[in-house]
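Note: the block below is entry.pdb and it holds PDB, C-alpha atoms, pLDDT in the B column.
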MODEL        1
ATOM      1  CA  MET D   1      97.676 117.750 113.329  1.00 75.00           C
ATOM      2  CA  GLU D   2      99.161 117.328 116.789  1.00 84.00           C
ATOM      3  CA  GLN D   3      97.847 113.759 117.009  1.00 88.00           C
ATOM      4  CA  LEU D   4      99.250 112.903 113.569  1.00 82.00           C
ATOM      5  CA  ALA D   5     102.623 114.365 114.540  1.00 84.00           C
ATOM      6  CA  LYS D   6     102.702 112.287 117.722  1.00 86.00           C
ATOM      7  CA  LEU D   7     101.657 109.089 115.938  1.00 88.00           C
ATOM      8  CA  THR D   8     104.223 109.484 113.172  1.00 86.00           C
ATOM      9  CA  GLY D   9     107.019 110.970 115.238  1.00 92.00           C
ATOM     10  CA  LEU D  10     107.142 113.958 112.905  1.00 89.00           C
ATOM     11  CA  SER D  11     107.006 117.605 113.780  1.00 91.00           C
ATOM     12  CA  LYS D  12     103.688 119.338 113.123  1.00 90.00           C
ATOM     13  CA  THR D  13     105.241 121.128 110.165  1.00 92.00           C
ATOM     14  CA  ALA D  14     106.613 117.883 108.699  1.00 91.00           C
ATOM     15  CA  ALA D  15     103.252 116.144 109.204  1.00 90.00           C
ATOM     16  CA  VAL D  16     101.460 118.939 107.344  1.00 90.00           C
ATOM     17  CA  GLU D  17     104.050 118.866 104.537  1.00 91.00           C
ATOM     18  CA  ARG D  18     103.698 115.103 104.171  1.00 91.00           C
ATOM     19  CA  ALA D  19      99.896 115.325 104.130  1.00 90.00           C
ATOM     20  CA  VAL D  20      99.995 118.046 101.470  1.00 90.00           C
ATOM     21  CA  ASP D  21     102.491 116.049  99.379  1.00 89.00           C
ATOM     22  CA  GLN D  22     100.306 112.947  99.595  1.00 89.00           C
ATOM     23  CA  LEU D  23      97.154 114.846  98.655  1.00 89.00           C
ATOM     24  CA  LEU D  24      98.945 116.432  95.705  1.00 85.00           C
ATOM     25  CA  ALA D  25     100.229 113.038  94.519  1.00 82.00           C
ATOM     26  CA  GLU D  26      96.730 111.537  94.752  1.00 81.00           C
ATOM     27  CA  THR D  27      95.270 114.469  92.825  1.00 80.00           C
ATOM     28  CA  VAL D  28      97.873 114.555  90.054  1.00 74.00           C
ATOM     29  CA  ALA D  29      98.348 110.794  89.643  1.00 70.00           C
ATOM     30  CA  PRO D  30      94.995 110.050  87.950  1.00 71.00           C
ATOM     31  CA  ALA D  31      95.685 112.637  85.249  1.00 72.00           C
ATOM     32  CA  ASN D  32      99.146 111.195  84.664  1.00 76.00           C
ATOM     33  CA  SER D  33      97.749 107.654  84.603  1.00 80.00           C
ATOM     34  CA  ALA D  34      95.204 108.594  81.959  1.00 83.00           C
ATOM     35  CA  ALA D  35      97.904 110.195  79.812  1.00 84.00           C
ATOM     36  CA  GLN D  36     100.149 107.156  80.218  1.00 86.00           C
ATOM     37  CA  MET D  37      97.302 104.814  79.273  1.00 89.00           C
ATOM     38  CA  ALA D  38      96.484 106.893  76.184  1.00 90.00           C
ATOM     39  CA  ALA D  39     100.140 106.802  75.106  1.00 91.00           C
ATOM     40  CA  LEU D  40     100.275 103.034  75.608  1.00 91.00           C
ATOM     41  CA  LEU D  41      97.103 102.490  73.579  1.00 93.00           C
ATOM     42  CA  GLN D  42      98.533 104.632  70.761  1.00 94.00           C
ATOM     43  CA  GLN D  43     101.629 102.418  70.691  1.00 93.00           C
ATOM     44  CA  ILE D  44      99.490  99.271  70.575  1.00 92.00           C
ATOM     45  CA  ASP D  45      97.411 100.717  67.720  1.00 91.00           C
ATOM     46  CA  ARG D  46     100.596 101.150  65.667  1.00 92.00           C
ATOM     47  CA  LEU D  47     101.432  97.436  65.868  1.00 89.00           C
ATOM     48  CA  PRO D  48     100.738  95.735  62.543  1.00 89.00           C
ATOM     49  CA  ASP D  49      98.255  92.876  62.370  1.00 85.00           C
ATOM     50  CA  ARG D  50      99.835  89.479  61.917  1.00 85.00           C
ATOM     51  CA  ALA D  51      98.911  87.550  58.792  1.00 84.00           C
ATOM     52  CA  ASP D  52      98.997  84.261  60.708  1.00 85.00           C
ATOM     53  CA  ALA D  53      96.826  85.475  63.591  1.00 83.00           C
ATOM     54  CA  PHE D  54      94.077  83.096  64.665  1.00 84.00           C
ATOM     55  CA  ASP D  55      90.716  84.401  65.834  1.00 82.00           C
ATOM     56  CA  PRO D  56      88.506  81.647  67.306  1.00 86.00           C
ATOM     57  CA  LEU D  57      85.348  83.759  67.023  1.00 88.00           C
ATOM     58  CA  ASP D  58      83.195  84.461  63.981  1.00 88.00           C
ATOM     59  CA  TRP D  59      82.218  88.133  63.693  1.00 89.00           C
ATOM     60  CA  ASP D  60      79.129  89.649  62.117  1.00 90.00           C
ATOM     61  CA  SER D  61      78.975  92.768  59.926  1.00 90.00           C
ATOM     62  CA  HIS D  62      78.542  94.952  63.045  1.00 91.00           C
ATOM     63  CA  GLY D  63      81.791  93.756  64.622  1.00 88.00           C
ATOM     64  CA  LEU D  64      80.037  91.587  67.193  1.00 91.00           C
ATOM     65  CA  PRO D  65      80.827  87.946  67.891  1.00 90.00           C
ATOM     66  CA  GLN D  66      78.257  85.508  66.546  1.00 87.00           C
TER      67      GLN D  66
ENDMDL
END

Give the structure from this file in structure tokens form.
Amino acid sequence: MEQLAKLTGLSKTAAVERAVDQLLAETVAPANSAAQMAALLQQIDRLPDRADAFDPLDWDSHGLPQ
């Protein structure tokens, strides 16, 4: 920690606090990102299909492009 404090110009306590804050942000962020992505996909699913939409692919009965 002493080397990190010297390199950053922070006190040892501040360097530890910053490291803990960063680790916490990295740990919590993926869970928040997954929740945000799920919410976004739910919003997209609620969008109605357009009657004039053009799909250049032909699809088979299994939902796969031919």

Could you please determine the separation between CA of Val16 (chain D) and CA of Glu2 (chain D) in Å, to one decimal place?
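Spanning CA of Val16 (chain D) to CA of Glu2 (chain D) is a straight-line distance of 9.9 Å.
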
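For the pair CA of Ser33 (chain D) and CA of Gly63 (chain D), the separation is 29.1 Å.
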
Would you compute, for all listed atoms of region 44-61 of chain D, the axis-aligned bounding box grown by 3 Å on each side, and then report its centre and edge lengths in Å rounded to one decimal, as AutoDock Vina command-line options?
--center_x 90.2 --center_y 91.4 --center_z 64.7 --size_x 28.5 --size_y 25.5 --size_z 17.8

Using all atoms listed in the file, determine which residues lie at most 12 Å from Glu17 (chain D), disregarding the query and same-chain residues fewer than 6 positions distant; provide the list as a ChimeraX atom specification.
/D:1,4-5,10-11,23-24

If I take CA of Ala29 (chain D) and CA of Ile44 (chain D), how far is one from the other in Å, to one decimal?
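According to the coordinates, CA of Ala29 (chain D) and CA of Ile44 (chain D) are separated by 22.3 Å.
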